[in-house]
file coords-v4.tsv (TSV, C-alpha atoms)
chain	number	residue	atom	x	y	z
C	1	MET	CA	43.97	-100.01	277.71
C	2	LEU	CA	46.69	-99.93	280.35
C	3	VAL	CA	46.30	-102.66	282.95
C	4	SER	CA	47.61	-102.68	286.52
C	5	SER	CA	47.42	-105.16	289.37
C	6	GLN	CA	44.11	-106.82	290.22
C	7	THR	CA	44.01	-105.04	293.58
C	8	LEU	CA	44.09	-101.65	291.92
C	9	ILE	CA	41.94	-101.83	288.81
C	10	THR	CA	38.21	-102.41	288.78
C	11	PRO	CA	36.36	-101.30	285.64
C	12	LEU	CA	34.45	-98.03	285.79
C	13	PHE	CA	31.97	-99.50	283.29
C	14	PRO	CA	32.31	-103.22	284.02
C	15	MET	CA	29.50	-104.27	281.68
C	16	ARG	CA	31.10	-102.71	278.59
C	17	GLU	CA	32.36	-106.05	277.26
C	18	SER	CA	28.96	-107.63	277.88
C	19	ARG	CA	27.34	-104.97	275.70
C	20	ARG	CA	29.88	-105.66	272.96
C	21	THR	CA	29.18	-109.38	273.26
C	22	PHE	CA	25.45	-108.69	273.02
C	23	LEU	CA	25.89	-106.64	269.85
C	24	LYS	CA	28.14	-109.27	268.30
C	25	GLN	CA	25.60	-111.99	269.05
C	26	ALA	CA	22.80	-109.82	267.70
C	27	VAL	CA	24.65	-109.52	264.39
C	28	THR	CA	25.31	-113.23	264.06
C	29	THR	CA	21.76	-114.25	264.97
C	30	GLY	CA	20.00	-111.68	262.81
C	31	LEU	CA	18.47	-109.98	265.85
C	32	LEU	CA	20.27	-106.71	265.16
C	33	ALA	CA	18.03	-105.71	262.25
C	34	SER	CA	14.90	-106.10	264.36
C	35	LEU	CA	16.05	-104.01	267.32
C	36	PRO	CA	14.74	-100.42	267.63
C	37	MET	CA	17.44	-97.77	267.28
C	38	PRO	CA	17.09	-96.48	270.90
C	39	ILE	CA	17.89	-99.97	272.21
C	40	LEU	CA	20.94	-100.21	269.97
C	41	ARG	CA	22.20	-96.84	271.13
C	42	ALA	CA	21.68	-97.78	274.75
C	43	ALA	CA	23.52	-101.06	274.25
C	44	GLU	CA	26.43	-99.24	272.64
C	45	GLN	CA	26.70	-96.17	274.82
C	46	LYS	CA	24.96	-96.49	278.19
C	47	PRO	CA	27.28	-97.49	281.06
C	48	ALA	CA	25.60	-100.29	282.99
C	49	LYS	CA	26.85	-99.68	286.52
C	50	LYS	CA	27.90	-96.79	288.68
C	51	PRO	CA	31.53	-95.62	288.63
C	52	LEU	CA	34.04	-96.41	291.33
C	53	TYR	CA	35.39	-93.54	293.39
C	54	SER	CA	38.57	-92.75	295.28
C	55	CYS	CA	39.15	-89.97	297.79
C	56	SER	CA	42.38	-88.03	298.37
C	57	SER	CA	43.58	-88.19	301.95
C	58	ILE	CA	44.71	-84.56	301.77
C	59	ASN	CA	41.05	-83.59	302.03
C	60	PHE	CA	41.34	-84.82	305.63
C	61	THR	CA	44.92	-83.72	306.22
C	62	SER	CA	44.22	-82.58	309.80
C	63	LEU	CA	43.33	-86.16	310.75
C	64	SER	CA	45.57	-89.17	311.17
C	65	LEU	CA	45.55	-91.64	308.29
C	66	GLU	CA	43.50	-94.03	310.45
C	67	LYS	CA	40.81	-91.38	311.03
C	68	ALA	CA	40.96	-90.27	307.38
C	69	CYS	CA	40.37	-93.85	306.24
C	70	GLU	CA	37.44	-94.11	308.65
C	71	ARG	CA	35.85	-90.96	307.18
C	72	ILE	CA	36.50	-91.98	303.59
C	73	ALA	CA	34.98	-95.42	304.16
C	74	GLU	CA	31.93	-93.92	305.87
C	75	LEU	CA	31.40	-91.74	302.80
C	76	GLY	CA	31.12	-94.85	300.67
C	77	TYR	CA	34.37	-94.49	298.74
C	78	ASP	CA	35.92	-97.54	297.13
C	79	ALA	CA	39.58	-96.49	297.40
C	80	ILE	CA	41.98	-93.95	298.86
C	81	ASP	CA	44.58	-91.71	297.22
C	82	ILE	CA	47.26	-91.29	299.91
C	83	TRP	CA	49.08	-87.95	299.89
C	84	GLY	CA	52.62	-87.11	300.91
C	85	TYR	CA	52.76	-83.49	299.80
C	86	LEU	CA	51.56	-79.95	300.68
C	87	GLY	CA	51.83	-80.60	304.40
C	88	CYS	CA	49.90	-83.87	304.32
C	89	GLN	CA	51.84	-86.44	306.33
C	90	HIS	CA	49.78	-89.53	305.53
C	91	LEU	CA	52.22	-91.13	303.11
C	92	LYS	CA	55.12	-90.41	305.46
C	93	GLN	CA	53.12	-92.05	308.23
C	94	VAL	CA	52.83	-95.18	306.09
C	95	ALA	CA	56.54	-95.20	305.23
C	96	ASP	CA	57.76	-94.49	308.78
C	97	ASP	CA	55.25	-96.32	310.94
C	98	LEU	CA	52.71	-98.56	309.25
C	99	LYS	CA	54.90	-100.01	306.50
C	100	SER	CA	53.23	-102.07	303.78
C	101	GLU	CA	51.69	-104.70	306.07
C	102	GLY	CA	50.25	-102.05	308.38
C	103	LEU	CA	48.73	-100.16	305.46
C	104	LYS	CA	47.21	-103.30	303.99
C	105	ALA	CA	45.69	-104.16	307.38
C	106	LEU	CA	44.31	-100.63	307.77
C	107	LEU	CA	42.72	-100.67	304.32
C	108	GLU	CA	41.27	-104.12	304.89
C	109	LYS	CA	39.77	-102.97	308.18
C	110	HIS	CA	37.95	-100.14	306.43
C	111	ARG	CA	37.25	-102.12	303.25
C	112	LEU	CA	39.15	-99.67	301.09
C	113	LYS	CA	41.43	-100.38	298.17
C	114	LEU	CA	44.67	-98.55	297.50
C	115	GLY	CA	43.93	-96.22	294.60
C	116	SER	CA	47.21	-94.30	294.39
C	117	PHE	CA	50.09	-92.53	296.11
C	118	SER	CA	50.27	-88.77	295.45
C	119	VAL	CA	53.97	-87.99	295.81
C	120	TYR	CA	54.39	-84.79	293.76
C	121	GLY	CA	57.43	-82.86	295.06
C	122	ALA	CA	58.36	-85.64	297.47
C	123	GLY	CA	59.28	-87.78	294.46
C	124	TYR	CA	58.34	-91.32	293.48
C	125	ALA	CA	61.66	-93.04	294.17
C	126	PRO	CA	61.42	-92.93	298.01
C	127	TYR	CA	58.03	-94.67	297.83
C	128	ALA	CA	58.55	-97.02	294.89
C	129	LYS	CA	59.38	-100.11	296.94
C	130	LEU	CA	56.56	-99.38	299.40
C	131	LEU	CA	54.03	-99.10	296.59
C	132	GLY	CA	55.27	-102.37	295.14
C	133	GLN	CA	55.00	-104.10	298.51
C	134	CYS	CA	51.38	-102.92	298.71
C	135	GLY	CA	50.61	-104.68	295.44
C	136	GLY	CA	51.70	-102.02	292.95
C	137	GLY	CA	49.64	-99.11	291.74
C	138	VAL	CA	49.73	-95.53	290.48
C	139	ALA	CA	52.08	-92.84	291.76
C	140	ILE	CA	51.11	-89.26	290.88
C	141	ARG	CA	53.63	-86.45	290.41
C	142	GLY	CA	54.05	-83.21	288.46
C	143	SER	CA	56.03	-82.57	285.31
C	144	ARG	CA	58.78	-79.93	285.14
C	145	PRO	CA	59.04	-76.23	284.25
C	146	ARG	CA	58.62	-75.45	280.57
C	147	GLY	CA	61.95	-74.91	278.81
C	148	GLN	CA	62.96	-72.64	275.97
C	149	ASN	CA	62.56	-75.21	273.21
C	150	SER	CA	59.51	-76.51	271.39
C	151	VAL	CA	56.91	-78.47	273.35
C	152	THR	CA	58.01	-81.63	271.53
C	153	ASP	CA	61.68	-81.16	272.35
C	154	ASP	CA	60.96	-80.27	275.98
C	155	MET	CA	58.68	-83.27	276.33
C	156	LYS	CA	61.30	-85.60	274.87
C	157	LYS	CA	63.82	-84.29	277.39
C	158	PHE	CA	61.35	-84.75	280.23
C	159	MET	CA	60.63	-88.33	279.25
C	160	GLU	CA	64.34	-89.05	279.17
C	161	GLU	CA	64.56	-87.72	282.73
C	162	LEU	CA	61.78	-90.09	283.79
C	163	LYS	CA	63.59	-93.26	282.69
C	164	PRO	CA	65.06	-94.09	286.14
C	165	GLU	CA	61.63	-93.73	287.73
C	166	LEU	CA	60.03	-95.84	285.02
C	167	GLU	CA	62.59	-98.57	285.67
C	168	LEU	CA	61.47	-98.49	289.31
C	169	CYS	CA	57.87	-98.76	288.12
C	170	GLU	CA	58.77	-101.90	286.19
C	171	GLU	CA	60.50	-103.39	289.22
C	172	ASN	CA	57.55	-102.61	291.50
C	173	ASP	CA	54.60	-103.30	289.20
C	174	SER	CA	53.54	-99.65	289.33
C	175	TYR	CA	52.64	-96.76	287.06
C	176	LEU	CA	53.67	-93.13	286.98
C	177	ALA	CA	50.92	-90.57	286.30
C	178	ILE	CA	52.00	-87.02	285.46
C	179	GLU	CA	49.55	-84.28	286.45
C	180	ASN	CA	48.82	-81.36	284.16
C	181	HIS	CA	49.34	-78.15	286.09
C	182	GLY	CA	49.15	-74.42	285.51
C	183	GLY	CA	51.66	-71.64	285.26
C	184	GLY	CA	54.94	-72.51	283.61
C	185	ASP	CA	54.67	-76.30	283.92
C	186	LEU	CA	55.48	-78.35	280.85
C	187	LEU	CA	52.34	-80.51	281.01
C	188	ASN	CA	49.73	-77.78	281.00
C	189	LYS	CA	47.55	-77.02	277.98
C	190	ILE	CA	45.86	-79.45	275.63
C	191	ASP	CA	48.62	-79.19	273.03
C	192	THR	CA	51.11	-80.41	275.65
C	193	LEU	CA	48.83	-83.32	276.56
C	194	LYS	CA	48.80	-84.29	272.90
C	195	ALA	CA	52.58	-84.03	272.66
C	196	PHE	CA	52.89	-86.26	275.73
C	197	VAL	CA	50.52	-88.90	274.36
C	198	ASP	CA	52.14	-88.89	270.93
C	199	LEU	CA	55.65	-89.32	272.33
C	200	ASN	CA	54.93	-91.73	275.16
C	201	LYS	CA	55.63	-95.35	274.28
C	202	ASN	CA	56.06	-96.63	277.84
C	203	LYS	CA	53.14	-98.64	279.22
C	204	ARG	CA	54.14	-97.60	282.75
C	205	LEU	CA	53.69	-93.88	282.06
C	206	GLY	CA	50.48	-91.91	281.77
C	207	ILE	CA	48.54	-88.80	282.80
C	208	ALA	CA	46.72	-87.70	285.96
C	209	LEU	CA	44.21	-85.20	284.62
C	210	ALA	CA	43.25	-82.17	286.71
C	211	PRO	CA	40.22	-80.52	285.04
C	212	TYR	CA	40.68	-77.48	287.31
C	213	HIS	CA	43.77	-76.49	285.32
C	214	VAL	CA	42.22	-77.38	281.96
C	215	MET	CA	39.28	-75.08	282.77
C	216	ASN	CA	41.67	-72.38	283.95
C	217	ASN	CA	43.17	-72.39	280.44
C	218	GLY	CA	39.71	-71.94	278.92
C	219	GLU	CA	39.93	-75.38	277.31
C	220	SER	CA	37.54	-78.34	277.15
C	221	VAL	CA	37.88	-81.05	279.79
C	222	ALA	CA	36.10	-83.54	277.51
C	223	ASP	CA	38.62	-82.81	274.74
C	224	ALA	CA	41.47	-83.29	277.20
C	225	VAL	CA	40.05	-86.65	278.31
C	226	ARG	CA	39.73	-87.88	274.73
C	227	ILE	CA	43.28	-86.78	273.92
C	228	CYS	CA	44.63	-88.68	276.94
C	229	GLY	CA	42.75	-91.80	275.84
C	230	SER	CA	44.18	-95.04	277.18
C	231	GLN	CA	47.06	-93.12	278.79
C	232	LEU	CA	44.68	-91.59	281.35
C	233	LEU	CA	45.63	-93.22	284.65
C	234	PHE	CA	43.83	-90.91	287.09
C	235	ILE	CA	41.27	-88.10	287.00
C	236	TYR	CA	40.35	-85.55	289.64
C	237	PHE	CA	36.71	-84.50	289.56
C	238	TRP	CA	37.75	-80.97	290.45
C	239	THR	CA	36.18	-77.84	288.99
C	240	ASN	CA	37.67	-74.39	288.51
C	241	GLU	CA	35.48	-72.49	290.91
C	242	ALA	CA	36.13	-70.67	294.16
C	243	ASP	CA	36.52	-72.25	297.58
C	244	GLU	CA	34.04	-75.05	298.32
C	245	LYS	CA	32.56	-74.78	294.83
C	246	GLN	CA	35.60	-76.64	293.53
C	247	MET	CA	33.69	-79.80	294.47
C	248	PRO	CA	31.41	-80.96	291.63
C	249	GLY	CA	27.77	-80.43	292.56
C	250	VAL	CA	28.57	-77.65	294.99
C	251	GLY	CA	29.41	-75.17	292.24
C	252	GLN	CA	27.77	-74.62	288.86
C	253	THR	CA	29.96	-76.75	286.58
C	254	ASP	CA	28.12	-79.41	284.57
C	255	VAL	CA	30.36	-82.48	284.45
C	256	SER	CA	28.07	-84.71	282.35
C	257	HIS	CA	30.34	-84.21	279.33
C	258	TRP	CA	33.27	-85.48	281.42
C	259	PHE	CA	31.40	-88.73	281.96
C	260	ARG	CA	30.60	-89.04	278.27
C	261	ALA	CA	34.22	-88.50	277.29
C	262	LEU	CA	35.39	-91.07	279.86
C	263	ASN	CA	32.90	-93.54	278.48
C	264	ASP	CA	34.17	-92.84	274.95
C	265	ILE	CA	37.73	-93.80	275.88
C	266	GLY	CA	36.70	-96.82	277.97
C	267	TYR	CA	38.12	-95.37	281.19
C	268	SER	CA	38.40	-98.12	283.82
C	269	ARG	CA	39.90	-96.42	286.86
C	270	TYR	CA	38.67	-94.40	289.82
C	271	LEU	CA	37.01	-90.98	289.77
C	272	ASN	CA	38.39	-88.70	292.47
C	273	PRO	CA	36.17	-85.80	293.71
C	274	PHE	CA	38.58	-83.15	294.94
C	275	MET	CA	39.28	-79.66	296.22
C	276	HIS	CA	42.21	-77.78	297.70
C	277	HIS	CA	42.23	-75.68	300.88
C	278	GLU	CA	39.85	-78.07	302.58
C	279	PRO	CA	37.60	-76.94	305.47
C	280	GLU	CA	37.42	-78.75	308.82
C	281	PRO	CA	36.66	-82.48	308.58
C	282	ASP	CA	32.91	-82.41	309.27
C	283	ARG	CA	32.29	-79.81	306.58
C	284	MET	CA	34.64	-81.62	304.20
C	285	SER	CA	32.65	-84.81	304.72
C	286	GLU	CA	29.41	-82.94	303.95
C	287	LEU	CA	30.89	-81.54	300.74
C	288	HIS	CA	31.91	-85.03	299.65
C	289	ARG	CA	28.38	-86.29	300.32
C	290	ILE	CA	26.89	-83.49	298.23
C	291	SER	CA	29.40	-84.11	295.44
C	292	ARG	CA	28.89	-87.88	295.38
C	293	GLN	CA	25.10	-87.49	295.25
C	294	TYR	CA	25.45	-85.06	292.36
C	295	LEU	CA	27.89	-87.28	290.47
C	296	ASP	CA	25.74	-90.38	290.91
C	297	LYS	CA	22.65	-88.47	289.78
C	298	THR	CA	24.52	-87.05	286.77
C	299	PHE	CA	25.78	-90.48	285.81
C	300	GLU	CA	22.30	-91.99	286.06
C	301	SER	CA	20.88	-89.26	283.80
C	302	LEU	CA	23.22	-90.02	280.90

call {"tool": "encode", "arguments": {"input": "coords-v4.tsv", "output": "structure tokens"}}
result
Amino acid sequence: MLVSSQTLITPLFPMRESRRTFLKQAVTTGLLASLPMPILRAAEQKPAKKPLYSCSSINFTSLSLEKACERIAELGYDAIDIWGYLGCQHLKQVADDLKSEGLKALLEKHRLKLGSFSVYGAGYAPYAKLLGQCGGGVAIRGSRPRGQNSVTDDMKKFMEELKPELELCEENDSYLAIENHGGGDLLNKIDTLKAFVDLNKNKRLGIALAPYHVMNNGESVADAVRICGSQLLFIYFWTNEADEKQMPGVGQTDVSHWFRALNDIGYSRYLNPFMHHEPEPDRMSELHRISRQYLDKTFESL
């Protein structure tokens, strides 16, 4: 399991180790043989507490970062994913005006944690020091266009290109999460996720999984999660449906198997309900409420 700073990481299933301890004690005391099978299965598999959630600030891109934080906190989110891409100026606002101390004060005011910086085309390097000053964390970006060579050779080349950024991650106690995308991007289908995981030996590098694109390829999100394993640093809860139905619980996609796969790999980071082309803020807030209620209900039913 990859581990980041204490301010960033809170376990998704914080009682997992307690269940393991229980089972170990049951074996040593002889209790195990007397326990009914349903109790054993529950002790092994059932997450004990609700997940933690982050919210991407781009969903409130028409608001200032202050107002976006206010909305996100009111919705009951634990953390914020601050965007600096696709016309969202929130990360630039932090870099130009708030600086690290201003951001930390803003998050403390609204009782939010810093989940991640989404830099994408803006690049990680301009924000590396800022992220480090905020306590370190995850920076999310894309991969690169697919080349003419094999997936393995292209992925090796890409990872070589990432070395300067990974050195910055080391200096600033941060992690770089590469998002799988569609079209001609290198990190795209499940076979490319596997190539990435097999080749990656750097503890500072991992994957930001976008189920929207996995679904668009006609592939299994649960399979993708399991392939990412401990290298999964971030996951959008984002479905491949039209318009507002991209938000889980608004459309028809059943995400229960996503939860099961995340539990299987011991995922310990935030879940991020998400959509693109967001409506006006009041409607966006309502969609997040619907999605959170659905996700909590789905989790409880497992």

call {"tool": "closest_residue", "arguments": {"input": "coords-v4.tsv", "among": "C:Gly102, C:Pro164, C:Gly121, C:Pro273", "to": "Ser57 of chain C", "atoms": "all atoms listed in the file"}}
result
C:Pro273

call {"tool": "residues_around", "arguments": {"input": "coords-v4.tsv", "residues": "Leu205 of chain C", "least_positions_apart": "3", "cutoff": "7 Å", "atoms": "only C-alpha atoms", "output": "number ranges by chain"}}
result
C: 175-177, 202

call {"tool": "atom_distance", "arguments": {"input": "coords-v4.tsv", "atom1": "atom CA of Leu131 of chain C", "atom2": "atom CA of His277 of chain C"}}
result
26.6 Å

call {"tool": "atom_distance", "arguments": {"input": "coords-v4.tsv", "atom1": "atom CA of Arg146 of chain C", "atom2": "atom CA of Asn180 of chain C"}}
result
12.0 Å

call {"tool": "residues_around", "arguments": {"input": "coords-v4.tsv", "residues": "His90 of chain C", "least_positions_apart": "2", "cutoff": "9 Å", "atoms": "only C-alpha atoms", "output": "JSON, numbers by chain"}}
result
{"C": [57, 58, 61, 63, 64, 65, 82, 83, 84, 85, 88, 92, 93, 94, 95]}

call {"tool": "write_last_selection", "arguments": {"input": "coords-v4.tsv", "atoms": "C-alpha atoms", "output": "compact mmCIF listing (two decimals), in the coordinates of the input"}}
result
# COMPACT_ATOMS: atom_id res chain seq x y z
CA SER C 57 43.58 -88.19 301.95
CA ILE C 58 44.71 -84.56 301.77
CA THR C 61 44.92 -83.72 306.22
CA LEU C 63 43.33 -86.16 310.75
CA SER C 64 45.57 -89.17 311.17
CA LEU C 65 45.55 -91.64 308.29
CA ILE C 82 47.26 -91.29 299.91
CA TRP C 83 49.08 -87.95 299.89
CA GLY C 84 52.62 -87.11 300.91
CA TYR C 85 52.76 -83.49 299.80
CA CYS C 88 49.90 -83.87 304.32
CA LYS C 92 55.12 -90.41 305.46
CA GLN C 93 53.12 -92.05 308.23
CA VAL C 94 52.83 -95.18 306.09
CA ALA C 95 56.54 -95.20 305.23

call {"tool": "closest_residue", "arguments": {"input": "coords-v4.tsv", "among": "C:Glu244, C:Asp154, C:Glu170, C:Glu165", "to": "Ser291 of chain C", "atoms": "all atoms listed in the file"}}
result
C:Glu244

call {"tool": "closest_residue", "arguments": {"input": "coords-v4.tsv", "among": "C:Leu166, C:Val214, C:Leu199, C:Met159", "to": "His181 of chain C", "atoms": "all atoms listed in the file"}}
result
C:Val214

call {"tool": "atom_distance", "arguments": {"input": "coords-v4.tsv", "atom1": "atom CA of Arg111 of chain C", "atom2": "atom CA of Cys55 of chain C"}}
result
13.5 Å

call {"tool": "closest_residue", "arguments": {"input": "coords-v4.tsv", "among": "C:Phe196, C:Tyr77, C:Tyr120, C:Phe259", "to": "Asn272 of chain C", "atoms": "all atoms listed in the file"}}
result
C:Tyr77

call {"tool": "closest_residue", "arguments": {"input": "coords-v4.tsv", "among": "C:Gln293, C:Thr298, C:Asn149, C:Ser100", "to": "Leu75 of chain C", "atoms": "all atoms listed in the file"}}
result
C:Gln293

call {"tool": "closest_residue", "arguments": {"input": "coords-v4.tsv", "among": "C:Ser118, C:Ser268, C:Ser285, C:Asn263", "to": "Leu302 of chain C", "atoms": "all atoms listed in the file"}}
result
C:Asn263

call {"tool": "residues_around", "arguments": {"input": "coords-v4.tsv", "residues": "His110 of chain C", "least_positions_apart": "5", "cutoff": "9 Å", "atoms": "only C-alpha atoms", "output": "CSV table (one decimal) with C-alpha atoms, in the coordinates of the input"}}
result
chain,number,residue,atom,x,y,z
C,69,CYS,CA,40.4,-93.8,306.2
C,70,GLU,CA,37.4,-94.1,308.6
C,72,ILE,CA,36.5,-92.0,303.6
C,73,ALA,CA,35.0,-95.4,304.2
C,74,GLU,CA,31.9,-93.9,305.9
C,105,ALA,CA,45.7,-104.2,307.4

call {"tool": "residues_near_point", "arguments": {"input": "coords-v4.tsv", "point": "(40.6, -85.5, 277.1)", "cutoff": "9 Å", "atoms": "all atoms listed in the file", "output": "ChimeraX atom specification"}}
result
/C:190,193,209,220-229,232,258,261-262,265

call {"tool": "residues_around", "arguments": {"input": "coords-v4.tsv", "residues": "Phe237 of chain C", "least_positions_apart": "5", "cutoff": "10 Å", "atoms": "all atoms listed in the file", "output": "list in words"}}
result
Tyr53, Leu209, Ala210, Pro211, Tyr212, Gln246, Met247, Pro248, Val255, Trp258, Leu271, Asn272, Pro273, Phe274, Met275, Ser291 and Leu295 of chain C
